[in-house]
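The file data.csv contains CSV, C-alpha atoms:
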```
chain,number,residue,atom,x,y,z
A,1332,PRO,CA,0.8,99.0,58.6
A,1333,VAL,CA,3.1,101.5,60.3
A,1334,THR,CA,2.5,101.6,64.1
A,1335,SER,CA,2.8,105.1,65.5
A,1336,SER,CA,5.2,105.6,68.4
A,1337,MET,CA,2.1,106.0,70.6
A,1338,GLU,CA,1.2,102.3,70.2
A,1339,LYS,CA,4.6,101.1,71.1
A,1340,PRO,CA,4.6,97.3,70.8
A,1341,ASN,CA,5.1,95.9,74.2
A,1342,ILE,CA,7.4,93.1,73.1
A,1343,VAL,CA,11.1,93.8,72.8
A,1344,THR,CA,14.1,91.5,72.2
A,1345,CYS,CA,17.7,92.5,72.8
A,1346,THR,CA,21.1,90.8,72.9
A,1347,ALA,CA,24.1,91.7,75.2
A,1348,PRO,CA,27.7,90.6,75.4
A,1349,VAL,CA,30.0,88.8,77.8
A,1350,ASN,CA,33.0,90.8,79.1
A,1351,ILE,CA,36.4,89.7,80.4
A,1352,ALA,CA,38.1,91.8,83.0
A,1353,VAL,CA,41.8,92.5,82.4
A,1354,ILE,CA,42.0,94.6,85.6
A,1355,LYS,CA,39.9,92.5,88.0
A,1356,TYR,CA,37.0,93.4,90.3
A,1357,TRP,CA,37.2,91.3,93.5
A,1358,GLY,CA,35.5,92.5,96.7
A,1359,LYS,CA,32.6,94.7,97.5
A,1360,ARG,CA,32.4,97.6,100.0
A,1361,ASN,CA,28.6,97.4,99.9
A,1362,GLU,CA,27.0,94.0,99.3
A,1363,GLU,CA,23.5,95.3,98.7
A,1364,LEU,CA,24.3,97.9,96.1
A,1365,ILE,CA,27.2,95.9,94.8
A,1366,LEU,CA,29.8,98.7,95.2
A,1367,PRO,CA,33.4,97.5,94.5
A,1368,ILE,CA,36.5,98.1,96.6
A,1369,ASN,CA,38.4,99.0,93.4
A,1370,SER,CA,37.8,100.1,89.8
A,1371,SER,CA,38.1,97.5,87.0
A,1372,LEU,CA,38.6,97.3,83.2
A,1373,SER,CA,37.3,94.8,80.7
A,1374,VAL,CA,37.1,93.9,77.1
A,1375,THR,CA,33.7,93.2,75.6
A,1376,LEU,CA,33.6,90.0,73.6
A,1377,HIS,CA,31.9,89.7,70.2
A,1378,GLN,CA,28.2,88.6,70.3
A,1379,ASP,CA,28.6,86.4,67.2
A,1380,GLN,CA,30.4,84.0,69.6
A,1381,LEU,CA,29.0,84.8,73.0
A,1382,LYS,CA,25.8,86.5,73.9
A,1383,THR,CA,22.6,86.5,75.9
A,1384,THR,CA,19.3,87.1,74.1
A,1385,THR,CA,16.3,88.4,76.2
A,1386,THR,CA,12.7,89.0,75.3
A,1387,VAL,CA,10.4,91.0,77.5
A,1388,VAL,CA,6.7,91.2,77.0
A,1389,ALA,CA,4.6,93.6,79.1
A,1390,SER,CA,0.8,93.1,79.2
A,1391,LYS,CA,-2.1,94.1,81.3
A,1392,SER,CA,-3.4,90.5,81.1
A,1393,PHE,CA,-0.4,89.2,83.0
A,1394,GLN,CA,-1.1,88.4,86.7
A,1395,GLU,CA,2.5,88.5,87.9
A,1396,ASP,CA,6.1,89.0,86.7
A,1397,ARG,CA,7.7,85.7,85.4
A,1398,ILE,CA,11.1,84.7,84.1
A,1399,TRP,CA,12.4,81.7,82.1
A,1400,LEU,CA,16.2,81.2,81.8
A,1401,ASN,CA,17.6,78.8,79.2
A,1402,GLY,CA,14.3,77.0,78.9
A,1403,LYS,CA,13.1,76.6,82.5
A,1404,GLU,CA,11.1,78.9,84.7
A,1405,GLU,CA,13.1,80.4,87.6
A,1406,ASP,CA,12.1,82.2,90.8
A,1407,ILE,CA,11.5,85.9,90.0
A,1408,SER,CA,11.7,86.8,93.6
A,1409,HIS,CA,15.5,86.6,93.5
A,1410,PRO,CA,16.7,89.8,95.2
A,1411,ARG,CA,19.0,90.9,92.4
A,1412,LEU,CA,16.3,90.4,89.7
A,1413,GLN,CA,14.0,92.4,91.9
A,1414,SER,CA,16.4,95.3,92.2
A,1415,CYS,CA,16.7,95.5,88.4
A,1416,LEU,CA,12.9,95.4,87.9
A,1417,ARG,CA,12.3,97.9,90.7
A,1418,GLU,CA,14.9,100.4,89.5
A,1419,VAL,CA,13.8,100.4,85.8
A,1420,ARG,CA,10.2,100.9,86.9
A,1421,ARG,CA,11.2,103.6,89.3
A,1422,LEU,CA,13.1,105.5,86.5
A,1423,ALA,CA,10.1,105.0,84.2
A,1424,ARG,CA,7.7,106.6,86.7
A,1425,LYS,CA,10.1,109.4,87.3
A,1426,ARG,CA,10.3,110.1,83.6
A,1427,ARG,CA,6.6,110.1,83.4
A,1428,ASN,CA,6.2,112.5,86.3
A,1429,ASP,CA,8.9,114.7,84.8
A,1430,GLY,CA,6.3,115.3,82.1
A,1431,ASN,CA,7.3,112.9,79.3
A,1432,PRO,CA,3.9,112.4,77.7
A,1433,SER,CA,5.1,109.8,75.2
A,1434,LEU,CA,5.3,107.3,78.0
A,1435,ASP,CA,2.1,105.3,78.2
A,1436,SER,CA,1.2,105.3,81.9
A,1437,ALA,CA,-0.7,102.0,81.5
A,1438,VAL,CA,2.6,100.2,80.7
A,1439,LEU,CA,4.0,101.2,84.0
A,1440,SER,CA,1.4,99.1,85.8
A,1441,HIS,CA,1.8,96.1,83.5
A,1442,LYS,CA,3.5,92.9,84.7
A,1443,VAL,CA,6.3,91.5,82.5
A,1444,HIS,CA,7.3,88.1,81.2
A,1445,ILE,CA,11.0,87.7,80.6
A,1446,CYS,CA,12.7,84.9,78.6
A,1447,SER,CA,16.5,84.7,78.3
A,1448,VAL,CA,18.9,82.3,76.6
A,1449,ASN,CA,22.7,82.1,76.3
A,1450,ASN,CA,24.4,80.8,73.2
A,1451,PHE,CA,27.2,79.4,75.3
A,1452,PRO,CA,27.3,76.9,78.2
A,1453,THR,CA,26.5,78.7,81.4
A,1454,ALA,CA,28.1,76.4,83.9
A,1455,ALA,CA,31.4,76.7,82.1
A,1456,GLY,CA,32.2,79.8,84.2
A,1457,LEU,CA,31.9,82.2,81.3
A,1458,ALA,CA,30.5,85.4,82.8
A,1459,SER,CA,26.9,84.5,82.1
A,1460,SER,CA,25.5,86.7,84.9
A,1461,ALA,CA,27.2,89.8,83.4
A,1462,ALA,CA,25.6,89.3,79.9
A,1463,GLY,CA,22.3,88.1,81.5
A,1464,PHE,CA,21.8,91.2,83.8
A,1465,ALA,CA,23.0,93.6,81.2
A,1466,CYS,CA,20.6,92.2,78.7
A,1467,LEU,CA,17.7,92.2,81.2
A,1468,VAL,CA,18.2,95.8,82.1
A,1469,TYR,CA,18.7,97.0,78.5
A,1470,THR,CA,15.6,95.2,77.4
A,1471,LEU,CA,13.4,96.3,80.3
A,1472,ALA,CA,14.6,99.9,79.7
A,1473,ARG,CA,13.3,99.6,76.1
A,1474,VAL,CA,10.0,98.2,77.2
A,1475,PHE,CA,9.4,101.0,79.8
A,1476,GLY,CA,10.8,103.8,77.7
A,1477,VAL,CA,13.8,104.5,80.0
A,1478,GLU,CA,17.0,106.1,78.7
A,1479,GLY,CA,20.2,107.4,80.2
A,1480,GLU,CA,22.5,105.8,82.7
A,1481,LEU,CA,21.6,102.1,82.9
A,1482,SER,CA,24.9,100.7,84.0
A,1483,ALA,CA,24.3,101.5,87.6
A,1484,ILE,CA,21.1,99.4,87.5
A,1485,ALA,CA,22.8,96.5,85.7
A,1486,ARG,CA,25.5,96.7,88.5
A,1487,GLN,CA,22.8,95.9,91.1
A,1488,GLY,CA,22.1,92.6,89.2
A,1489,SER,CA,25.7,91.5,89.0
A,1490,GLY,CA,28.7,93.8,89.5
A,1491,SER,CA,30.4,93.0,86.2
A,1492,ALA,CA,27.1,93.4,84.3
A,1493,CYS,CA,27.6,97.1,84.3
A,1494,ARG,CA,30.6,96.7,82.0
A,1495,SER,CA,28.6,94.6,79.5
A,1496,MET,CA,26.4,97.7,78.9
A,1497,TYR,CA,29.1,99.0,76.5
A,1498,GLY,CA,31.2,97.5,73.6
A,1499,GLY,CA,35.0,97.6,73.2
A,1500,PHE,CA,37.1,98.5,76.2
A,1501,VAL,CA,35.2,99.5,79.3
A,1502,GLN,CA,36.1,100.8,82.8
A,1503,TRP,CA,33.9,100.4,85.9
A,1504,LEU,CA,34.6,103.3,88.2
A,1505,MET,CA,34.4,102.3,91.8
A,1506,GLY,CA,32.9,105.7,92.7
A,1507,GLN,CA,33.0,107.5,96.0
A,1508,LYS,CA,29.3,108.0,96.9
A,1509,GLU,CA,27.5,105.9,99.5
A,1510,ASP,CA,24.5,105.6,97.3
A,1511,GLY,CA,26.5,104.2,94.4
A,1512,LYS,CA,25.3,106.7,91.8
A,1513,ASP,CA,28.8,107.4,90.6
A,1514,SER,CA,29.8,103.7,90.5
A,1515,VAL,CA,29.2,103.4,86.8
A,1516,ALA,CA,30.7,101.9,83.6
A,1517,GLN,CA,32.3,104.0,80.9
A,1518,GLN,CA,33.6,103.1,77.5
A,1519,VAL,CA,37.3,103.8,77.2
A,1520,GLU,CA,37.7,102.9,73.5
A,1521,PRO,CA,35.1,101.4,71.0
A,1522,GLU,CA,35.5,97.9,69.6
A,1523,SER,CA,36.8,99.4,66.3
A,1524,HIS,CA,39.8,100.9,68.1
A,1525,TRP,CA,42.0,97.8,68.0
A,1526,PRO,CA,40.9,95.6,65.1
A,1527,GLU,CA,43.9,93.2,65.2
A,1528,LEU,CA,43.2,92.2,68.9
A,1529,ARG,CA,42.0,88.6,69.2
A,1530,ILE,CA,40.6,86.7,72.1
A,1531,LEU,CA,40.7,82.9,72.6
A,1532,VAL,CA,38.6,81.3,75.3
A,1533,LEU,CA,40.2,78.0,76.3
A,1534,VAL,CA,37.3,76.1,78.0
A,1535,ALA,CA,38.8,73.8,80.5
A,1536,SER,CA,36.9,70.5,80.7
A,1537,ALA,CA,33.8,71.8,82.4
A,1538,GLU,CA,33.3,71.3,86.1
A,1539,LYS,CA,31.2,73.6,88.2
A,1540,LYS,CA,33.1,76.2,90.2
A,1541,PRO,CA,34.1,75.0,93.7
A,1542,VAL,CA,33.3,78.4,95.3
A,1543,GLY,CA,30.9,80.9,93.8
A,1544,SER,CA,32.2,84.4,93.2
A,1545,THR,CA,29.8,86.1,95.6
A,1546,SER,CA,30.8,84.1,98.7
A,1547,GLY,CA,34.4,83.9,97.6
A,1548,MET,CA,34.7,87.7,97.4
A,1549,GLN,CA,33.1,88.2,100.8
A,1550,THR,CA,35.6,85.8,102.5
A,1551,SER,CA,38.5,87.6,100.7
A,1552,VAL,CA,37.3,91.0,101.9
A,1553,GLU,CA,37.1,89.7,105.4
A,1554,THR,CA,40.4,87.8,105.6
A,1555,SER,CA,42.9,88.9,102.9
A,1556,ALA,CA,45.5,91.5,103.8
A,1557,LEU,CA,46.8,91.4,100.2
A,1558,LEU,CA,43.3,92.3,98.9
A,1559,LYS,CA,43.3,95.6,100.8
A,1560,HIS,CA,46.8,96.4,99.6
A,1561,ARG,CA,45.8,95.6,96.0
A,1562,ALA,CA,42.7,97.8,96.0
A,1563,GLU,CA,44.4,100.8,97.6
A,1564,SER,CA,48.0,100.7,96.3
A,1565,VAL,CA,48.1,98.6,93.1
A,1566,VAL,CA,44.9,98.9,91.1
A,1567,PRO,CA,44.7,102.7,90.7
A,1568,GLY,CA,48.2,102.8,89.0
A,1569,ARG,CA,47.4,99.8,86.8
A,1570,MET,CA,44.1,101.3,85.6
A,1571,ALA,CA,45.9,104.4,84.4
A,1572,GLU,CA,48.6,102.3,82.7
A,1573,MET,CA,46.1,100.0,81.1
A,1574,ILE,CA,44.0,102.8,79.7
A,1575,GLU,CA,47.1,104.4,78.2
A,1576,ALA,CA,48.3,101.0,76.7
A,1577,ILE,CA,45.0,100.4,75.1
A,1578,GLY,CA,45.0,104.0,73.7
A,1579,ARG,CA,48.4,103.4,72.1
A,1580,ARG,CA,47.5,99.8,71.1
A,1581,ASP,CA,50.6,98.8,72.9
A,1582,PHE,CA,50.2,95.0,73.0
A,1583,ALA,CA,53.2,94.2,75.1
A,1584,THR,CA,52.2,96.5,77.9
A,1585,PHE,CA,48.5,95.5,77.7
A,1586,ALA,CA,49.5,91.8,77.8
A,1587,GLU,CA,51.9,92.1,80.7
A,1588,LEU,CA,49.5,94.1,82.9
A,1589,THR,CA,46.7,91.6,82.1
A,1590,MET,CA,48.8,88.6,83.2
A,1591,LYS,CA,50.2,90.4,86.3
A,1592,ASP,CA,46.7,91.4,87.3
A,1593,SER,CA,45.2,88.0,86.8
A,1594,ASN,CA,48.1,86.5,88.9
A,1595,GLN,CA,47.5,89.0,91.7
A,1596,PHE,CA,43.8,88.3,91.8
A,1597,HIS,CA,44.5,84.6,92.2
A,1598,ALA,CA,47.1,85.4,94.8
A,1599,THR,CA,44.4,87.2,96.8
A,1600,CYS,CA,42.3,84.1,96.5
A,1601,LEU,CA,45.2,82.1,97.9
A,1602,ASP,CA,45.7,84.7,100.6
A,1603,THR,CA,42.0,84.3,101.6
A,1604,TYR,CA,41.6,82.2,104.7
A,1605,PRO,CA,40.7,79.4,104.2
A,1606,PRO,CA,42.3,79.7,100.7
A,1607,ILE,CA,40.3,79.6,97.4
A,1608,PHE,CA,41.7,77.7,94.4
A,1609,TYR,CA,40.1,78.7,91.1
A,1610,LEU,CA,43.0,77.6,88.9
A,1611,SER,CA,43.3,73.9,88.1
A,1612,SER,CA,46.3,71.9,86.9
A,1613,VAL,CA,45.2,72.7,83.4
A,1614,SER,CA,45.2,76.5,84.1
A,1615,GLN,CA,48.7,76.2,85.5
A,1616,GLN,CA,49.8,74.4,82.4
A,1617,VAL,CA,48.3,77.1,80.2
A,1618,ILE,CA,50.2,79.8,82.2
A,1619,ASN,CA,53.5,77.9,81.7
A,1620,LEU,CA,52.8,77.4,78.1
A,1621,VAL,CA,52.2,81.1,77.5
A,1622,HIS,CA,55.4,82.2,79.3
A,1623,ARG,CA,57.5,79.6,77.4
A,1624,TYR,CA,56.0,80.6,74.1
A,1625,ASN,CA,56.7,84.2,74.7
A,1626,ARG,CA,60.2,83.4,75.9
A,1627,HIS,CA,60.9,81.4,72.7
A,1628,TYR,CA,60.2,84.5,70.6
A,1629,GLY,CA,61.8,86.9,73.0
A,1630,GLU,CA,58.7,89.1,73.1
A,1631,THR,CA,55.2,89.1,74.6
A,1632,ARG,CA,53.0,87.7,71.8
A,1633,VAL,CA,50.3,86.1,74.0
A,1634,SER,CA,48.8,86.8,77.4
A,1635,TYR,CA,46.3,85.0,79.7
A,1636,THR,CA,43.7,86.0,82.2
A,1637,PHE,CA,41.6,83.8,84.5
A,1638,ASP,CA,38.4,84.8,86.3
A,1639,ALA,CA,36.9,82.8,89.2
A,1640,GLY,CA,37.3,79.5,87.4
A,1641,PRO,CA,39.8,77.4,85.4
A,1642,ASN,CA,39.1,78.7,81.9
A,1643,ALA,CA,41.9,80.7,80.3
A,1644,VAL,CA,41.1,83.7,78.2
A,1645,ILE,CA,44.0,84.4,75.9
A,1646,PHE,CA,44.7,87.8,74.2
A,1647,THR,CA,46.9,88.0,71.2
A,1648,LEU,CA,47.1,89.7,67.8
A,1649,LYS,CA,45.5,88.3,64.7
A,1650,GLN,CA,48.8,87.2,63.0
A,1651,HIS,CA,49.7,85.0,65.9
A,1652,VAL,CA,46.4,83.1,66.3
A,1653,PRO,CA,47.0,80.2,63.9
A,1654,GLU,CA,50.3,79.2,65.3
A,1655,PHE,CA,49.3,79.7,69.0
A,1656,LEU,CA,46.2,77.6,68.5
A,1657,GLN,CA,48.3,74.9,66.9
A,1658,VAL,CA,50.5,75.0,70.0
A,1659,VAL,CA,47.4,74.7,72.3
A,1660,GLN,CA,46.2,71.7,70.2
A,1661,HIS,CA,49.6,70.1,70.5
A,1662,PHE,CA,50.0,70.4,74.2
A,1663,PHE,CA,46.3,69.8,75.0
A,1664,PRO,CA,45.4,67.1,72.5
A,1665,PRO,CA,41.6,67.1,72.2
A,1666,GLU,CA,39.4,63.9,72.4
A,1667,THR,CA,38.1,64.4,68.9
A,1668,ASN,CA,40.4,65.0,65.9
A,1669,GLY,CA,40.0,68.7,66.4
A,1670,GLY,CA,36.9,69.0,64.3
A,1671,HIS,CA,34.9,71.0,66.8
A,1672,PHE,CA,37.9,71.9,68.9
A,1673,ILE,CA,38.0,75.5,67.6
A,1674,ARG,CA,34.7,77.3,67.4
A,1675,GLY,CA,33.9,80.9,66.4
A,1676,LEU,CA,36.1,82.9,64.1
A,1677,PRO,CA,37.7,80.5,61.5
A,1678,VAL,CA,41.4,79.8,62.0
A,1679,LYS,CA,43.7,78.4,59.3
A,1680,ARG,CA,45.9,75.4,60.2
A,1681,VAL,CA,49.6,76.0,60.1
A,1682,PHE,CA,52.6,73.7,60.5
A,1683,LEU,CA,54.3,73.7,63.9
A,1684,PRO,CA,58.1,73.7,63.8
A,1685,ASP,CA,59.7,71.0,66.0
A,1686,GLU,CA,62.1,73.5,67.5
A,1687,LEU,CA,59.1,75.5,68.9
A,1688,LYS,CA,57.7,72.3,70.5
A,1689,GLN,CA,61.1,71.5,72.0
A,1690,SER,CA,61.7,75.0,73.2
A,1691,ILE,CA,58.3,75.0,75.1
A,1692,GLY,CA,59.2,71.5,76.4
A,1693,LEU,CA,56.1,70.6,78.4
A,1694,GLN,CA,54.4,67.2,78.6
A,1695,PRO,CA,51.2,67.2,76.6
A,1696,MET,CA,48.0,66.9,78.8
A,1697,ASP,CA,45.2,64.8,77.4
A,1698,ASN,CA,41.6,66.2,77.4
A,1699,GLY,CA,42.5,69.2,79.6
A,1700,ILE,CA,40.7,71.6,77.3
A,1701,SER,CA,37.4,70.6,75.8
A,1702,TYR,CA,37.3,73.4,73.1
A,1703,VAL,CA,38.4,76.9,72.2
A,1704,ILE,CA,36.2,79.8,71.3
A,1705,SER,CA,37.9,82.2,68.9
A,1706,THR,CA,36.6,85.7,69.0
A,1707,LYS,CA,37.4,89.5,69.1
A,1708,ALA,CA,36.2,92.7,70.8
A,1709,GLY,CA,32.6,93.5,70.0
A,1710,PRO,CA,29.7,96.0,70.5
A,1711,GLY,CA,27.5,96.5,73.5
A,1712,PRO,CA,23.8,95.5,73.8
A,1713,CYS,CA,21.5,95.9,70.8
A,1714,VAL,CA,17.9,95.6,69.9
A,1715,VAL,CA,16.8,92.7,67.6
A,1716,ASP,CA,14.4,94.0,65.0
A,1717,ASP,CA,13.3,90.7,63.5
A,1718,PRO,CA,10.0,89.6,65.2
A,1719,ALA,CA,10.9,85.9,64.3
A,1720,GLN,CA,13.7,86.2,66.9
A,1721,HIS,CA,11.4,86.9,69.9
A,1722,LEU,CA,11.7,84.1,72.5
A,1723,LEU,CA,8.2,84.7,73.8
A,1724,GLY,CA,4.9,84.5,71.8
A,1725,SER,CA,2.2,87.2,72.0
A,1726,ASP,CA,0.7,85.1,74.8
A,1727,GLY,CA,3.8,85.8,76.8
A,1728,LEU,CA,4.9,82.1,77.0
A,1729,PRO,CA,8.2,80.7,75.6
A,1730,LYS,CA,7.8,79.9,71.9
A,1731,ARG,CA,9.8,76.7,71.9
A,1732,THR,CA,11.9,74.6,74.2
A,1733,VAL,CA,15.3,76.1,74.0
```
Is it possible to give me this structure as C-alpha cells?
Amino acid sequence: PVTSSMEKPNIVTCTAPVNIAVIKYWGKRNEELILPINSSLSVTLHQDQLKTTTTVVASKSFQEDRIWLNGKEEDISHPRLQSCLREVRRLARKRRNDGNPSLDSAVLSHKVHICSVNNFPTAAGLASSAAGFACLVYTLARVFGVEGELSAIARQGSGSACRSMYGGFVQWLMGQKEDGKDSVAQQVEPESHWPELRILVLVASAEKKPVGSTSGMQTSVETSALLKHRAESVVPGRMAEMIEAIGRRDFATFAELTMKDSNQFHATCLDTYPPIFYLSSVSQQVINLVHRYNRHYGETRVSYTFDAGPNAVIFTLKQHVPEFLQVVQHFFPPETNGGHFIRGLPVKRVFLPDELKQSIGLQPMDNGISYVISTKAGPGPCVVDDPAQHLLGSDGLPKRTV
C-alpha cells in the first residue's frame, strides 16, 4: 500500500561521511556555539569505506528521548546532543508556524529514539564525531520535516560535523556574526570533480588520543602566539590558494598546501603551553617517507595530513596508489602477511624496485601501522530507503546487538 505524504512514517535511517581537513580548524572564538577562529577546508571521504548510520524513530508512546551509540545506551543529556535536538525542533516549530500545513504538529511533541553505528573503529581517531553529528542532524531533520541550512546545527554538535553535511570538497566559513548564523559549510566542488584523487588512511597502531581535541584547542587558543598568527595571516591566503588548486585539479599545489598546513597545525600544538604532541614516531616516519618518495621522483606525487592523532591521511592520484602502498608495506611491515592490511578499494600488487627502497633509505618499522583504508572522495549524507537497514525496530529499541 502506498502511504500518502500525510502519514509520513516516523522512522528514518540515514548515513553520513567522515571528512578530512586539508586546511585545518583549530581553535574556537565561541565555545558554546562552536565558532572557529579561522575558516577550514576538507575532503569528504567515500561512505563505502567510512560512514555513520543513524536511525531515528519518533513516537507518541516514548516517555523520553534516548540514544544508543555503537550498541550501548549513552547519556542523552550531553549538551552538544541537546543543542542539535533543540535546534532541529525549533526549526520544525518555526516551519509549522510559518504555515506549512504538511507538517504534522503531533510529531513535534513526540520524543525520539536514536541509534547510531560507525563502520570504522571510533577510538582510532578517525573523525567519528563529525560523521556522527552530521548524521544525527540530517536524520532528525528528515523526521521533523525540516529543510534548508542544516550545517549550522551540525556545527553545534561538533565543529567539523558541518563539513560532513556535503560531499566532495567543502569549506567551512568562519563567519563574522556573533550568533554564528553565517558560520556555515559550503560545497566548493562535488566529489565527481576530481575522479583520479585517492585517499589512503594509514591507521597507526591504535592507542587512544593523549589529549582530546576540545581541551587541546582551548589551551592552544589561550597560550599559542603562533595560533593567532596562523588564523589572521596565514589561513585566509591558503584557503584561496587551495580552492583555486582544487578547481584546476592541480595536484602538486594541493599536495604541498595540505602538507604545509598539517605541519603548521602541529607546530601550533607544539607552541601550546604545555605542548601537545599528537604525532607519534610512526607519524614522523610517514612524513619522512613521503618527502623521500617525492624527492626520488623529483615531483610531488604523494602528500600527508594529520588531525589530532597519529593517523596519517595520504592524498595521491590513482596511478600512484599501487606503488606507494607497496612502499608503505615495505617500510611498515604488518604483523599479518598483508591479507587484511589493505581495506577498502582494491589495490593491485606491484613490484618494488630496489633503487626506490635504497633511495628512500629508512629503517623499516615493525607493526607501526595496523592497516590502511583505501578510499576516495564521496557524497554527503543520504537517506537509506531499505527498511531492513533500520537500526531500531518499530518498538523503538535497537534491533540487534551491533
All residues 6 Å or closer to range 1528-1538 of chain A, all atoms listed in the file, same chain fewer than 2 positions away omitted, as a list in words: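 Residues meeting the cut-off are Ala1455, Trp1525, Pro1526, Asn1642, Ala1643, Val1644, Ile1645, Phe1646, Thr1647, Leu1648, Lys1649, Gly1699, Ile1700, Ser1701, Tyr1702, Val1703, Ile1704, Ser1705, Thr1706 and Lys1707 of chain A.
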Cut-off 10 Å: closest range 1619-1676 of chain A/range 1353-1374 of chain A atom pairs per residue, using all atoms listed in the file, as JSON lines:
```
{"residue": "A:Tyr1635", "atom": "CA", "partner": "A:Val1353", "partner_atom": "CA", "distance": 9.2}
{"residue": "A:Thr1636", "atom": "CA", "partner": "A:Val1353", "partner_atom": "CA", "distance": 6.8}
{"residue": "A:Phe1637", "atom": "CA", "partner": "A:Val1353", "partner_atom": "CA", "distance": 9.0}
{"residue": "A:Asp1638", "atom": "CA", "partner": "A:Lys1355", "partner_atom": "CA", "distance": 8.0}
{"residue": "A:Ala1639", "atom": "CA", "partner": "A:Trp1357", "partner_atom": "CA", "distance": 9.5}
{"residue": "A:Val1644", "atom": "CA", "partner": "A:Val1353", "partner_atom": "CA", "distance": 9.8}
{"residue": "A:Phe1646", "atom": "CA", "partner": "A:Val1353", "partner_atom": "CA", "distance": 9.9}
```
Nearest-residue call for Leu1723 in chain A, choices A:Arg1421, A:Lys1403, A:Lys1591, A:His1444, using only C-alpha atoms: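 For Leu1723 in chain A, the nearest of the candidates is A:His1444.
Residues lying within 8 Å of (14.9, 79.9, 77.4). Counted over all atoms listed in the file, they are Trp1399, Leu1400, Asn1401, Gly1402, Lys1403, Cys1446, Ser1447, Val1448, Leu1722, Pro1729, Thr1732 and Val1733 of chain A.
Proximity to Thr1589 in chain A was assessed for A:Thr1631, A:Thr1375, A:Gln1517, A:Ser1544 counting only C-alpha atoms; the smallest distance is recorded for A:Thr1631.
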Pick from A:Asp1602, A:Asp1581, A:Glu1654, A:Glu1404, whichever lies nearest to Ser1555 in chain A using only C-alpha atoms: A:Asp1602
Point-to-point distance in Å for CA of Ser1611 in chain A and CA of Gln1549 in chain A: 21.7 Å
Residues within 9 Å of Arg1623 in chain A, only C-alpha atoms, excluding chain neighbours under 4 positions, as a list in words: Ile1618, Asn1619, His1627, Tyr1628, Ser1690, Ile1691 and Gly1692 of chain A
Wanna dump the range 1456-1561 of chain A-range 1709-1719 of chain A contacts at 7 Å for me, each residue with its shortest atom pair and the distance in Å to one decimal, counting all atoms listed in the file, ordered by chain and number, as a Markdown table?
```
| residue | atom | partner | partner_atom | distance |
| --- | --- | --- | --- | --- |
| A:Cys1466 | CA | A:Pro1712 | CA | 6.7 |
| A:Ser1495 | CA | A:Gly1711 | CA | 6.4 |
| A:Met1496 | CA | A:Gly1711 | CA | 5.6 |
| A:Tyr1497 | CA | A:Gly1711 | CA | 4.2 |
| A:Gly1498 | CA | A:Pro1710 | CA | 3.8 |
| A:Gly1499 | CA | A:Gly1709 | CA | 5.7 |
| A:Glu1522 | CA | A:Gly1709 | CA | 5.3 |
```
Distance query range 1467-1474 of chain A at most 8 Å, only C-alpha atoms, self and fewer than 5 positions along chain excluded, as a VMD selection string: chain A and resid 1341 to 1345 1385 to 1389 1415 to 1416 1419 1481 1484 to 1485 1496 1712 1714
